[in-house]
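Trainee: Here it is: the structure, laid out below.
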Amino acid sequence: MTRQRLAVLGSTGSIGVSTLDVVARHPERFEVVALTAATRVDAMLAQCAQFRPRVAVMASAAHAAELARRLKEMGLPTQVEQAPAALENIASWCEVDTVMAAIVGAAGLAPCLAAARAGKRLLLANKEALVVGGEVFLRAVREGGATLLPIDSEHSAVFQSLPEDPATWAARIDKIILTASGGPFRTRDPATLRAVTPDEACAHPNWVMGRKISVDSATMMNKALEVIEARYLFGVAPAQLDVVIHPQSVIHSMVQYKDSSVVAQLGTPDMRVPIAYGLAWPERMASGASALDFRTLHDLSFEAIDSDGHRARYPGLALAWEALRAAPGSCAVLNAANEVAVAAFLERRIRFDQIHRVNRATLDAVLPEHPDSLAALLALDGRARARAELAVKSCAP
């Protein structure tokens, strides 16, 4: 068996760590040739010692220099390079077959585009590549002949529930139903959300994730971004996308067909399951996750997202459909605003309930001009971030 040569972009984050856990279980199938991270030198050093990649990338010159020095002290031959240019080089490198795109936020767009144009097998855990990139990103996938496989648990679940031939999807699908856990505040009085702390918002009841995506789960903005991503991944109209709260996180998403039958994917809330599926597709292989024990599943419950309480808890979710129906580029504006707002909340510059206020104000203020290139998308992202910062400053503490 020829081993897949793998690059993991964002290897020290939660998705990257889970990816390497899966890969370590199948050394006969995978060779890790490149790893990238932002600032976590200790974690990257340990990964280099275990997987012996040819190249490691760090975000700054200082972190790259520190990693290079410590690798040399350990006698490890890994070459060290610096982002951002190195990220695109790694993603399109001829020595790489498969790219795990796990960099959080719009920063992952450029390397994702590079991988797509180079025709790589692209495992997409960076939802912002589609939310921001939209048709620009999909065009790069088509023109480069890349294989695009979703890694978000919800989109992987939809992909696993669809027919194998994408040409049949439009004729068969009635709607796609994304499930949401509801995060840590599903039953909390909406009037108390202004007092939420960053640590409370990051304490997800089911999943172990990074701080940014944990906050997004608490506000349900992660689901808004997933709605946008699903629209581009599966080519359905916004009206064919639905969200339902499923607190147990056992059913990861569903596809309802024209005959009213529903196909769902179930599993334990462990990101190694969709990661293993993407790495092995179209085959299956062990992920390391525990299997469901149906003898102990006493309750699978669902809640309507449009109930009065949930509308107050998650006002940002509706922005997904609004952005999809607005001018092209509006989804990129929404994503940029949310990244700024979440960072401001984690830095305690705004309250939890003001995240939506920043997103709403930015979406209203920034008018996109149909961005049709990476440069245009990055310029729009910059304009939206600047406007979002003004909205942050206008928020009363």
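Numbering starts fresh at 1 for the residues of each chain in the structure tokens, the chains themselves are lettered A, B, ... in the order given, and ligands are numbered from 1 as they appear.
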Neighbours of region 383-394 of chain A within 12 Å (only C-alpha atoms; same-chain residues fewer than 4 positions away dropped), as a CSV table (one decimal) with all heavy atoms, in the first residue's frame?
Mentor:
```csv
chain,number,residue,atom,x,y,z
A,106,ALA,N,-10.3,33.1,8.9
A,106,ALA,CA,-10.0,33.5,7.5
A,106,ALA,C,-8.5,33.3,7.1
A,106,ALA,O,-8.2,33.3,6.0
A,106,ALA,CB,-10.4,34.9,7.3
A,132,VAL,N,-15.9,32.4,3.6
A,132,VAL,CA,-15.3,33.6,3.0
A,132,VAL,C,-15.1,33.4,1.5
A,132,VAL,O,-15.4,34.3,0.7
A,132,VAL,CB,-14.0,33.9,3.7
A,132,VAL,CG1,-13.3,35.1,3.1
A,132,VAL,CG2,-14.2,34.1,5.2
A,329,GLY,N,-20.4,38.1,-1.1
A,329,GLY,CA,-19.3,38.7,-0.2
A,329,GLY,C,-19.9,39.0,1.2
A,329,GLY,O,-19.1,39.2,2.1
A,330,SER,N,-21.2,39.0,1.3
A,330,SER,CA,-21.8,39.3,2.6
A,330,SER,C,-21.4,38.2,3.7
A,330,SER,O,-21.3,38.5,4.9
A,330,SER,CB,-23.3,39.4,2.5
A,330,SER,OG,-23.7,40.5,1.7
A,331,CYS,N,-21.3,37.0,3.2
A,331,CYS,CA,-20.9,35.9,4.2
A,331,CYS,C,-19.5,36.2,4.7
A,331,CYS,O,-19.2,35.9,5.9
A,331,CYS,CB,-20.9,34.5,3.5
A,331,CYS,SG,-22.6,34.1,3.0
A,332,ALA,N,-18.6,36.7,3.8
A,332,ALA,CA,-17.2,37.0,4.3
A,332,ALA,C,-17.3,38.2,5.3
A,332,ALA,O,-16.5,38.2,6.3
A,332,ALA,CB,-16.4,37.4,3.1
A,333,VAL,N,-18.2,39.1,5.1
A,333,VAL,CA,-18.3,40.2,6.1
A,333,VAL,C,-18.8,39.7,7.4
A,333,VAL,O,-18.2,40.1,8.5
A,333,VAL,CB,-19.3,41.3,5.5
A,333,VAL,CG1,-19.6,42.3,6.6
A,333,VAL,CG2,-18.8,41.9,4.3
A,334,LEU,N,-19.7,38.8,7.4
A,334,LEU,CA,-20.2,38.2,8.6
A,334,LEU,C,-19.2,37.5,9.4
A,334,LEU,O,-19.0,37.6,10.6
A,334,LEU,CB,-21.4,37.3,8.3
A,334,LEU,CG,-22.0,36.6,9.5
A,334,LEU,CD1,-22.6,37.6,10.6
A,334,LEU,CD2,-23.2,35.7,9.1
A,335,ASN,N,-18.4,36.7,8.6
A,335,ASN,CA,-17.3,35.9,9.3
A,335,ASN,C,-16.3,36.8,9.9
A,335,ASN,O,-15.8,36.6,11.0
A,335,ASN,CB,-16.6,35.0,8.3
A,335,ASN,CG,-15.5,34.2,8.9
A,335,ASN,OD1,-15.7,33.3,9.6
A,335,ASN,ND2,-14.3,34.7,8.6
A,336,ALA,N,-15.9,37.9,9.2
A,336,ALA,CA,-14.9,38.8,9.7
A,336,ALA,C,-15.4,39.5,11.0
A,336,ALA,O,-14.6,39.6,12.0
A,336,ALA,CB,-14.5,39.8,8.6
A,337,ALA,N,-16.6,39.9,10.9
A,337,ALA,CA,-17.2,40.6,12.1
A,337,ALA,C,-17.2,39.7,13.3
A,337,ALA,O,-16.8,40.1,14.4
A,337,ALA,CB,-18.6,41.1,11.8
A,338,ASN,N,-17.6,38.4,13.1
A,338,ASN,CA,-17.6,37.5,14.2
A,338,ASN,C,-16.3,37.2,14.8
A,338,ASN,O,-16.1,37.0,16.0
A,338,ASN,CB,-18.3,36.2,13.7
A,338,ASN,CG,-18.6,35.2,14.9
A,338,ASN,OD1,-19.3,35.6,15.8
A,338,ASN,ND2,-18.0,34.1,14.8
A,339,GLU,N,-15.2,37.1,13.9
A,339,GLU,CA,-13.9,36.8,14.4
A,339,GLU,C,-13.4,38.0,15.3
A,339,GLU,O,-12.9,37.7,16.4
A,339,GLU,CB,-12.9,36.6,13.3
A,339,GLU,CG,-13.1,35.2,12.6
A,339,GLU,CD,-12.0,34.9,11.6
A,339,GLU,OE1,-10.9,35.5,11.8
A,339,GLU,OE2,-12.2,34.1,10.7
A,340,VAL,N,-13.7,39.2,14.9
A,340,VAL,CA,-13.4,40.4,15.7
A,340,VAL,C,-14.1,40.4,17.0
A,340,VAL,O,-13.6,40.6,18.1
A,340,VAL,CB,-13.6,41.6,14.9
A,340,VAL,CG1,-13.5,42.9,15.8
A,340,VAL,CG2,-12.6,41.7,13.7
A,341,ALA,N,-15.4,40.1,16.9
A,341,ALA,CA,-16.3,40.2,18.1
A,341,ALA,C,-15.9,39.1,19.1
A,341,ALA,O,-15.9,39.4,20.3
A,341,ALA,CB,-17.8,40.0,17.7
A,342,VAL,N,-15.7,37.9,18.7
A,342,VAL,CA,-15.3,36.8,19.6
A,342,VAL,C,-14.0,37.1,20.3
A,342,VAL,O,-13.8,36.9,21.5
A,342,VAL,CB,-15.3,35.5,18.9
A,342,VAL,CG1,-14.7,34.4,19.8
A,342,VAL,CG2,-16.7,35.1,18.4
A,343,ALA,N,-13.0,37.6,19.5
A,343,ALA,CA,-11.7,38.0,20.1
A,343,ALA,C,-11.9,39.1,21.1
A,343,ALA,O,-11.3,39.0,22.2
A,343,ALA,CB,-10.7,38.4,19.0
A,344,ALA,N,-12.7,40.0,20.8
A,344,ALA,CA,-13.0,41.1,21.8
A,344,ALA,C,-13.6,40.6,23.1
A,344,ALA,O,-13.3,41.0,24.2
A,344,ALA,CB,-13.8,42.2,21.2
A,345,PHE,N,-14.5,39.6,22.9
A,345,PHE,CA,-15.2,39.0,24.1
A,345,PHE,C,-14.2,38.2,24.9
A,345,PHE,O,-14.1,38.4,26.2
A,345,PHE,CB,-16.3,38.1,23.7
A,345,PHE,CG,-16.8,37.2,24.8
A,345,PHE,CD1,-17.5,37.7,25.9
A,345,PHE,CD2,-16.6,35.8,24.7
A,345,PHE,CE1,-17.9,36.9,26.9
A,345,PHE,CE2,-17.1,35.0,25.7
A,345,PHE,CZ,-17.7,35.5,26.8
A,347,GLU,N,-11.1,38.8,25.1
A,347,GLU,CA,-10.2,39.7,25.8
A,347,GLU,C,-11.0,40.6,26.8
A,347,GLU,O,-10.4,41.6,27.3
A,347,GLU,CB,-9.6,40.6,24.7
A,347,GLU,CG,-8.7,39.9,23.8
A,347,GLU,CD,-8.4,40.6,22.5
A,347,GLU,OE1,-8.9,41.8,22.3
A,347,GLU,OE2,-7.7,40.1,21.6
A,348,ARG,N,-12.3,40.3,27.0
A,348,ARG,CA,-13.1,41.0,27.9
A,348,ARG,C,-13.3,42.5,27.6
A,348,ARG,O,-13.5,43.4,28.4
A,348,ARG,CB,-12.6,40.9,29.4
A,348,ARG,CG,-12.6,39.4,29.8
A,348,ARG,CD,-12.0,39.3,31.2
A,348,ARG,NE,-11.9,37.9,31.7
A,348,ARG,CZ,-12.9,37.3,32.3
A,348,ARG,NH1,-14.0,37.9,32.6
A,348,ARG,NH2,-12.7,36.0,32.7
A,349,ARG,N,-13.3,42.8,26.3
A,349,ARG,CA,-13.5,44.2,25.8
A,349,ARG,C,-15.0,44.4,25.5
A,349,ARG,O,-15.4,45.6,25.5
A,349,ARG,CB,-12.7,44.5,24.6
A,349,ARG,CG,-11.2,44.6,24.8
A,349,ARG,CD,-10.5,45.1,23.6
A,349,ARG,NE,-10.4,44.2,22.5
A,349,ARG,CZ,-10.6,44.6,21.2
A,349,ARG,NH1,-10.9,45.8,20.9
A,349,ARG,NH2,-10.6,43.7,20.3
A,350,ILE,N,-15.7,43.3,25.3
A,350,ILE,CA,-17.2,43.4,25.1
A,350,ILE,C,-17.8,42.3,25.9
A,350,ILE,O,-17.2,41.3,26.3
A,350,ILE,CB,-17.7,43.4,23.7
A,350,ILE,CG1,-17.3,42.0,23.0
A,350,ILE,CG2,-17.1,44.6,22.9
A,350,ILE,CD1,-17.9,41.8,21.6
A,351,ARG,N,-19.1,42.4,26.2
A,351,ARG,CA,-19.9,41.4,26.8
A,351,ARG,C,-20.3,40.3,25.8
A,351,ARG,O,-20.3,40.5,24.6
A,351,ARG,CB,-21.1,42.0,27.5
A,351,ARG,CG,-20.9,43.0,28.6
A,351,ARG,CD,-22.2,43.3,29.3
A,351,ARG,NE,-23.3,43.5,28.4
A,351,ARG,CZ,-23.7,44.7,28.0
A,351,ARG,NH1,-23.1,45.8,28.4
A,351,ARG,NH2,-24.8,44.9,27.2
A,352,PHE,N,-20.7,39.2,26.4
A,352,PHE,CA,-21.1,38.1,25.6
A,352,PHE,C,-22.3,38.4,24.7
A,352,PHE,O,-22.3,38.1,23.5
A,352,PHE,CB,-21.5,36.9,26.5
A,352,PHE,CG,-22.0,35.7,25.7
A,352,PHE,CD1,-21.1,34.8,25.2
A,352,PHE,CD2,-23.3,35.4,25.6
A,352,PHE,CE1,-21.5,33.6,24.5
A,352,PHE,CE2,-23.8,34.3,24.9
A,352,PHE,CZ,-22.9,33.4,24.4
A,353,ASP,N,-23.3,39.2,25.3
A,353,ASP,CA,-24.5,39.5,24.5
A,353,ASP,C,-24.2,40.6,23.5
A,353,ASP,O,-25.1,40.9,22.6
A,353,ASP,CB,-25.6,39.9,25.5
A,353,ASP,CG,-25.2,41.2,26.2
A,353,ASP,OD1,-24.1,41.3,26.7
A,353,ASP,OD2,-26.1,42.1,26.4
A,354,GLN,N,-23.0,41.2,23.5
A,354,GLN,CA,-22.7,42.2,22.5
A,354,GLN,C,-22.0,41.7,21.2
A,354,GLN,O,-21.8,42.4,20.3
A,354,GLN,CB,-21.8,43.3,23.1
A,354,GLN,CG,-22.5,44.1,24.2
A,354,GLN,CD,-21.6,45.0,24.9
A,354,GLN,OE1,-20.4,44.7,25.2
A,354,GLN,NE2,-22.1,46.2,25.3
A,355,ILE,N,-21.7,40.4,21.2
A,355,ILE,CA,-21.1,39.8,20.0
A,355,ILE,C,-22.1,39.9,18.9
A,355,ILE,O,-21.7,40.3,17.8
A,355,ILE,CB,-20.8,38.3,20.3
A,355,ILE,CG1,-19.7,38.1,21.3
A,355,ILE,CG2,-20.4,37.6,19.0
A,355,ILE,CD1,-19.4,36.7,21.7
A,356,HIS,N,-23.4,39.6,19.1
A,356,HIS,CA,-24.3,39.7,18.0
A,356,HIS,C,-24.5,41.2,17.6
A,356,HIS,O,-24.7,41.5,16.4
A,356,HIS,CB,-25.7,39.2,18.5
A,356,HIS,CG,-26.8,39.4,17.5
A,356,HIS,ND1,-26.8,38.8,16.2
A,356,HIS,CD2,-27.9,40.2,17.5
A,356,HIS,CE1,-27.9,39.2,15.6
A,356,HIS,NE2,-28.6,40.0,16.3
A,357,ARG,N,-24.4,42.1,18.5
A,357,ARG,CA,-24.5,43.5,18.2
A,357,ARG,C,-23.4,44.0,17.2
A,357,ARG,O,-23.7,44.7,16.2
A,357,ARG,CB,-24.5,44.4,19.4
A,357,ARG,CG,-24.7,45.9,19.2
A,357,ARG,CD,-24.6,46.7,20.4
A,357,ARG,NE,-25.5,46.2,21.5
A,357,ARG,CZ,-25.5,46.7,22.7
A,357,ARG,NH1,-24.7,47.7,23.1
A,357,ARG,NH2,-26.3,46.2,23.7
A,358,VAL,N,-22.2,43.5,17.4
A,358,VAL,CA,-21.1,43.8,16.5
A,358,VAL,C,-21.3,43.2,15.2
A,358,VAL,O,-21.1,43.8,14.1
A,358,VAL,CB,-19.8,43.3,17.2
A,358,VAL,CG1,-18.6,43.4,16.1
A,358,VAL,CG2,-19.4,44.1,18.4
A,359,ASN,N,-21.8,41.9,15.1
A,359,ASN,CA,-22.0,41.2,13.9
A,359,ASN,C,-23.1,41.9,13.1
A,359,ASN,O,-23.0,42.1,11.9
A,359,ASN,CB,-22.4,39.8,14.1
A,359,ASN,CG,-21.2,39.0,14.7
A,359,ASN,OD1,-20.1,39.4,14.6
A,359,ASN,ND2,-21.5,37.8,15.3
A,360,ARG,N,-24.2,42.3,13.8
A,360,ARG,CA,-25.3,42.9,13.1
A,360,ARG,C,-24.9,44.3,12.5
A,360,ARG,O,-25.2,44.6,11.4
A,360,ARG,CB,-26.4,43.1,14.1
A,360,ARG,CG,-27.6,44.0,13.7
A,360,ARG,CD,-28.6,43.2,12.9
A,360,ARG,NE,-28.2,43.3,11.5
A,360,ARG,CZ,-28.8,42.5,10.5
A,360,ARG,NH1,-29.7,41.6,10.8
A,360,ARG,NH2,-28.4,42.7,9.3
A,361,ALA,N,-24.2,45.1,13.3
A,361,ALA,CA,-23.8,46.4,12.9
A,361,ALA,C,-22.8,46.3,11.7
A,361,ALA,O,-22.9,47.2,10.7
A,361,ALA,CB,-23.1,47.2,14.0
A,362,THR,N,-21.9,45.4,11.7
A,362,THR,CA,-20.9,45.3,10.6
A,362,THR,C,-21.6,44.8,9.3
A,362,THR,O,-21.3,45.3,8.2
A,362,THR,CB,-19.8,44.3,11.0
A,362,THR,OG1,-19.3,44.6,12.2
A,362,THR,CG2,-18.7,44.2,9.9
A,363,LEU,N,-22.5,43.8,9.4
A,363,LEU,CA,-23.2,43.4,8.2
A,363,LEU,C,-24.1,44.5,7.6
A,363,LEU,O,-24.2,44.6,6.4
A,363,LEU,CB,-24.1,42.2,8.6
A,363,LEU,CG,-24.6,41.3,7.5
A,363,LEU,CD1,-23.5,40.7,6.7
A,363,LEU,CD2,-25.5,40.2,8.1
A,364,ASP,N,-24.6,45.3,8.5
A,364,ASP,CA,-25.4,46.5,8.0
A,364,ASP,C,-24.5,47.6,7.3
A,364,ASP,O,-25.0,48.2,6.4
A,364,ASP,CB,-26.2,47.1,9.1
A,364,ASP,CG,-27.3,46.2,9.6
A,364,ASP,OD1,-27.7,45.3,8.8
A,364,ASP,OD2,-27.8,46.5,10.7
A,365,ALA,N,-23.3,47.7,7.8
A,365,ALA,CA,-22.5,48.8,7.4
A,365,ALA,C,-21.6,48.6,6.2
A,365,ALA,O,-21.2,49.5,5.4
A,365,ALA,CB,-21.6,49.3,8.5
A,366,VAL,N,-21.2,47.3,6.0
A,366,VAL,CA,-20.2,47.0,4.9
A,366,VAL,C,-20.9,46.4,3.7
A,366,VAL,O,-21.5,45.3,3.8
A,366,VAL,CB,-19.1,46.0,5.4
A,366,VAL,CG1,-18.1,45.7,4.3
A,366,VAL,CG2,-18.4,46.6,6.6
A,367,LEU,N,-20.8,47.1,2.6
A,367,LEU,CA,-21.4,46.6,1.3
A,367,LEU,C,-20.4,46.0,0.4
A,367,LEU,O,-19.5,46.7,0.0
A,367,LEU,CB,-22.1,47.8,0.6
A,367,LEU,CG,-22.8,47.4,-0.7
A,367,LEU,CD1,-24.0,46.5,-0.5
A,367,LEU,CD2,-23.3,48.7,-1.4
A,368,PRO,N,-20.5,44.7,0.2
A,368,PRO,CA,-19.5,44.0,-0.6
A,368,PRO,C,-19.7,44.4,-2.1
A,368,PRO,O,-20.7,44.9,-2.5
A,368,PRO,CB,-19.8,42.5,-0.5
A,368,PRO,CG,-20.8,42.4,0.7
A,368,PRO,CD,-21.5,43.8,0.8
A,369,GLU,N,-18.6,44.3,-2.9
A,369,GLU,CA,-18.6,44.6,-4.3
A,369,GLU,C,-18.3,43.4,-5.1
A,369,GLU,O,-17.3,43.4,-5.9
A,369,GLU,CB,-17.7,45.7,-4.6
A,369,GLU,CG,-18.1,47.0,-3.9
A,369,GLU,CD,-17.1,48.2,-4.1
A,369,GLU,OE1,-16.1,47.9,-4.8
A,369,GLU,OE2,-17.3,49.3,-3.6
A,376,ALA,N,-9.4,40.4,-3.6
A,376,ALA,CA,-10.6,41.1,-3.3
A,376,ALA,C,-11.2,40.6,-2.1
A,376,ALA,O,-11.8,41.4,-1.3
A,376,ALA,CB,-11.6,41.0,-4.5
A,377,LEU,N,-11.2,39.3,-1.8
A,377,LEU,CA,-11.7,38.7,-0.6
A,377,LEU,C,-11.0,39.2,0.6
A,377,LEU,O,-11.6,39.6,1.6
A,377,LEU,CB,-11.7,37.2,-0.7
A,377,LEU,CG,-12.7,36.5,-1.6
A,377,LEU,CD1,-12.4,35.1,-1.8
A,377,LEU,CD2,-14.1,36.7,-1.0
A,378,LEU,N,-9.7,39.3,0.5
A,378,LEU,CA,-8.9,39.8,1.7
A,378,LEU,C,-9.1,41.2,1.9
A,378,LEU,O,-9.1,41.7,3.1
A,378,LEU,CB,-7.4,39.5,1.4
A,378,LEU,CG,-7.0,38.0,1.4
A,378,LEU,CD1,-5.5,37.8,1.1
A,378,LEU,CD2,-7.4,37.3,2.7
A,379,ALA,N,-9.3,42.0,0.8
A,379,ALA,CA,-9.6,43.4,1.0
A,379,ALA,C,-10.9,43.6,1.7
A,379,ALA,O,-11.0,44.5,2.6
A,379,ALA,CB,-9.5,44.1,-0.3
```
Trainee: I want to know what sits within 12 Å of Arg52 (chain A), based on only C-alpha atoms, with residues of the same chain fewer than 3 positions away left out; could you give that as number ranges by chain?
Mentor: A: 31-35, 44-49, 55-56, 71, 74-79
Trainee: Measuring between only C-alpha atoms, which one of A:Cys94, A:Leu9, A:Phe234, A:Gly309 shows the shortest distance to Ala167 (chain A)?
Mentor: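 Under the stated criterion, the closest residue is A:Phe234.
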Trainee: Please measure the separation of CA of Ala61 (chain A) and CA of Arg40 (chain A), giving the value in Å to one decimal.
Mentor: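 So the two atoms, CA of Ala61 (chain A) and CA of Arg40 (chain A), lie 13.1 Å apart.
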Trainee: Contacts of region 173-183 of chain A at 6 Å or less, counting only C-alpha atoms, minus same-chain residues fewer than 4 places along, as number ranges by chain?
Mentor: A: 169, 204, 217-218, 240-247, 249, 252-258
Trainee: If you run DSSP on the backbone, which residues of region 136-325 of chain A are alpha helix (DSSP H), as a VMD selection string?
Mentor: chain A and resid 136 to 144 153 to 161 169 to 172 198 to 201 211 to 219 221 to 234 272 to 280 308 to 313 319 to 325
Trainee: Per residue of region 136-164 of chain A within 12 Å of region 13-23 of chain A, record the nearest atom pair and its distance in Å to one decimal, counting only C-alpha atoms, with rows in chain order and ascending residue number, as a tab-separated table.
Mentor:
```
residue	atom	partner	partner_atom	distance
A:Ile151	CA	A:Ile15	CA	9.2
A:Asp152	CA	A:Ile15	CA	9.6
A:Ser153	CA	A:Ile15	CA	11.1
```
Trainee: I need the chosen residues saved as an mmCIF file, in the first residue's frame, with N, CA, C and O atoms.
Mentor:
```
data_model
loop_
_atom_site.group_PDB
_atom_site.id
_atom_site.type_symbol
_atom_site.label_atom_id
_atom_site.label_comp_id
_atom_site.auth_asym_id
_atom_site.auth_seq_id
_atom_site.Cartn_x
_atom_site.Cartn_y
_atom_site.Cartn_z
ATOM 1 N N ILE A 151 -14.761 17.933 6.966
ATOM 2 C CA ILE A 151 -14.338 17.325 8.232
ATOM 3 C C ILE A 151 -15.196 17.786 9.407
ATOM 4 O O ILE A 151 -15.303 17.064 10.401
ATOM 5 N N ASP A 152 -15.821 18.960 9.344
ATOM 6 C CA ASP A 152 -16.785 19.313 10.394
ATOM 7 C C ASP A 152 -17.722 18.131 10.610
ATOM 8 O O ASP A 152 -18.181 17.507 9.643
ATOM 9 N N SER A 153 -18.031 17.827 11.862
ATOM 10 C CA SER A 153 -18.840 16.634 12.129
ATOM 11 C C SER A 153 -20.187 16.699 11.423
ATOM 12 O O SER A 153 -20.673 15.681 10.902
#
```
Trainee: Which of these residues is nearest to Ser287 (chain A), using only C-alpha atoms: A:Ser11, A:His26, A:Ala171, A:Ala323?
Mentor: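 Of A:Ser11, A:His26, A:Ala171, A:Ala323, the one nearest Ser287 (chain A) is A:His26, counting only C-alpha atoms.
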Trainee: Which parts of region 102-328 of chain A does DSSP call strand (DSSP E) when run on the backbone here, written out as a PDB file with C-alpha atoms, in the first residue's frame?
Mentor:
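Written output follows (states.pdb):
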```pdb
ATOM      1  CA  ARG A 121      -7.038  15.826  -1.545  1.00  0.00           C
ATOM      2  CA  LEU A 122      -8.288  18.596   0.745  1.00  0.00           C
ATOM      3  CA  LEU A 123      -9.796  17.697   4.123  1.00  0.00           C
ATOM      4  CA  LEU A 124     -11.657  20.844   5.086  1.00  0.00           C
ATOM      5  CA  THR A 147     -10.966  16.319  -3.996  1.00  0.00           C
ATOM      6  CA  LEU A 148     -12.855  18.256  -1.314  1.00  0.00           C
ATOM      7  CA  LEU A 149     -13.906  16.305   1.771  1.00  0.00           C
ATOM      8  CA  PRO A 150     -15.695  17.964   4.733  1.00  0.00           C
ATOM      9  CA  ILE A 173     -32.776  16.084  -1.689  1.00  0.00           C
ATOM     10  CA  ASP A 174     -35.657  17.873  -0.024  1.00  0.00           C
ATOM     11  CA  LYS A 175     -33.568  19.494   2.703  1.00  0.00           C
ATOM     12  CA  ILE A 176     -30.472  19.163   4.852  1.00  0.00           C
ATOM     13  CA  ILE A 177     -30.949  19.249   8.619  1.00  0.00           C
ATOM     14  CA  LEU A 178     -27.935  20.296  10.689  1.00  0.00           C
ATOM     15  CA  THR A 179     -28.021  19.363  14.345  1.00  0.00           C
ATOM     16  CA  ALA A 180     -26.759  21.646  17.113  1.00  0.00           C
ATOM     17  CA  LEU A 241     -31.172  24.223   5.018  1.00  0.00           C
ATOM     18  CA  ASP A 242     -32.590  23.698   8.486  1.00  0.00           C
ATOM     19  CA  VAL A 243     -31.198  23.535  12.029  1.00  0.00           C
ATOM     20  CA  VAL A 244     -32.558  21.596  14.986  1.00  0.00           C
ATOM     21  CA  ILE A 245     -31.187  21.440  18.522  1.00  0.00           C
ATOM     22  CA  ILE A 251     -27.079  12.391  15.521  1.00  0.00           C
ATOM     23  CA  HIS A 252     -24.592  14.641  13.762  1.00  0.00           C
ATOM     24  CA  SER A 253     -26.854  15.719  10.891  1.00  0.00           C
ATOM     25  CA  MET A 254     -29.517  14.404   8.521  1.00  0.00           C
ATOM     26  CA  VAL A 255     -30.679  14.490   4.922  1.00  0.00           C
ATOM     27  CA  GLN A 256     -34.408  14.522   4.202  1.00  0.00           C
ATOM     28  CA  TYR A 257     -35.276  13.190   0.752  1.00  0.00           C
ATOM     29  CA  VAL A 262     -34.542  10.778   6.432  1.00  0.00           C
ATOM     30  CA  VAL A 263     -31.006   9.388   6.451  1.00  0.00           C
ATOM     31  CA  ALA A 264     -28.816  10.309   9.431  1.00  0.00           C
ATOM     32  CA  GLN A 265     -25.282   9.637  10.633  1.00  0.00           C
ATOM     33  CA  LEU A 266     -24.834   8.741  14.305  1.00  0.00           C
ATOM     34  CA  GLU A 303     -35.867  21.217  20.139  1.00  0.00           C
ATOM     35  CA  ALA A 304     -37.079  23.770  17.602  1.00  0.00           C
TER      36      ALA A 304
END
```
Trainee: What lies within 7 Å of region 87-91 of chain A using only C-alpha atoms, ignoring chain neighbours under 2 positions off, as JSON, numbers by chain?
Mentor: {"A": [83, 84, 85, 93, 99, 110, 111, 114, 115]}
Trainee: Write out as number ranges by chain which residues come within 9 Å of Ala68 (chain A) when counting only C-alpha atoms, dropping same-chain ones fewer than 2 positions away.
Mentor: A: 63-66, 70-73, 78-81
Trainee: How would the residues just chosen look if you wrote them out with N, CA and C atoms as an mmCIF file, in the first residue's frame?
Mentor:
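Output contents, as saved in selection.cif:
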```cif
data_model
loop_
_atom_site.group_PDB
_atom_site.id
_atom_site.type_symbol
_atom_site.label_atom_id
_atom_site.label_comp_id
_atom_site.auth_asym_id
_atom_site.auth_seq_id
_atom_site.Cartn_x
_atom_site.Cartn_y
_atom_site.Cartn_z
ATOM 1 N N HIS A 63 9.303 32.463 16.785
ATOM 2 C CA HIS A 63 8.897 31.094 17.096
ATOM 3 C C HIS A 63 9.587 30.093 16.167
ATOM 4 N N ALA A 64 9.772 30.457 14.905
ATOM 5 C CA ALA A 64 10.467 29.574 13.976
ATOM 6 C C ALA A 64 11.918 29.374 14.410
ATOM 7 N N ALA A 65 12.571 30.452 14.845
ATOM 8 C CA ALA A 65 13.967 30.361 15.275
ATOM 9 C C ALA A 65 14.090 29.494 16.520
ATOM 10 N N GLU A 66 13.167 29.662 17.467
ATOM 11 C CA GLU A 66 13.214 28.843 18.678
ATOM 12 C C GLU A 66 13.021 27.367 18.357
ATOM 13 N N ARG A 70 15.793 24.276 18.933
ATOM 14 C CA ARG A 70 15.519 23.113 19.785
ATOM 15 C C ARG A 70 15.525 21.811 18.985
ATOM 16 N N LEU A 71 15.086 21.873 17.726
ATOM 17 C CA LEU A 71 15.177 20.686 16.881
ATOM 18 C C LEU A 71 16.640 20.289 16.662
ATOM 19 N N LYS A 72 17.488 21.290 16.451
ATOM 20 C CA LYS A 72 18.911 21.014 16.251
ATOM 21 C C LYS A 72 19.523 20.394 17.496
ATOM 22 N N GLU A 73 19.143 20.903 18.676
ATOM 23 C CA GLU A 73 19.653 20.340 19.932
ATOM 24 C C GLU A 73 19.263 18.880 20.093
ATOM 25 N N THR A 78 14.164 18.023 10.804
ATOM 26 C CA THR A 78 13.033 18.780 10.249
ATOM 27 C C THR A 78 13.445 20.212 9.910
ATOM 28 N N GLN A 79 13.125 20.639 8.685
ATOM 29 C CA GLN A 79 13.387 22.009 8.256
ATOM 30 C C GLN A 79 12.294 22.919 8.780
ATOM 31 N N VAL A 80 12.659 24.103 9.251
ATOM 32 C CA VAL A 80 11.684 25.043 9.820
ATOM 33 C C VAL A 80 11.516 26.232 8.885
ATOM 34 N N GLU A 81 10.259 26.587 8.616
ATOM 35 C CA GLU A 81 9.944 27.748 7.790
ATOM 36 C C GLU A 81 8.929 28.622 8.516
#
```
Trainee: Can you work out which one of A:Asp381, A:Pro282, A:Phe51, A:Leu113 has the shortest atom-to-atom distance to Leu130 (chain A), counting only C-alpha atoms?
Mentor: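 Distance minimum relative to Leu130 (chain A) lands on A:Leu113.
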Trainee: Do you have, as CSV, the list of residues of region 269-303 of chain A lying at most 12 Å from region 160-165 of chain A, each with its nearest atom pair and that distance in Å to one decimal, counting only C-alpha atoms and ordered by chain then number?
Mentor:
```
residue,atom,partner,partner_atom,distance
A:Val273,CA,A:Gln160,CA,11.6
A:Pro274,CA,A:Gln160,CA,9.5
A:Tyr277,CA,A:Gln160,CA,9.0
A:Gly278,CA,A:Gln160,CA,10.2
A:Trp281,CA,A:Gln160,CA,10.2
A:Pro282,CA,A:Glu164,CA,9.8
A:Glu283,CA,A:Gln160,CA,11.7
A:Arg284,CA,A:Gln160,CA,11.5
```
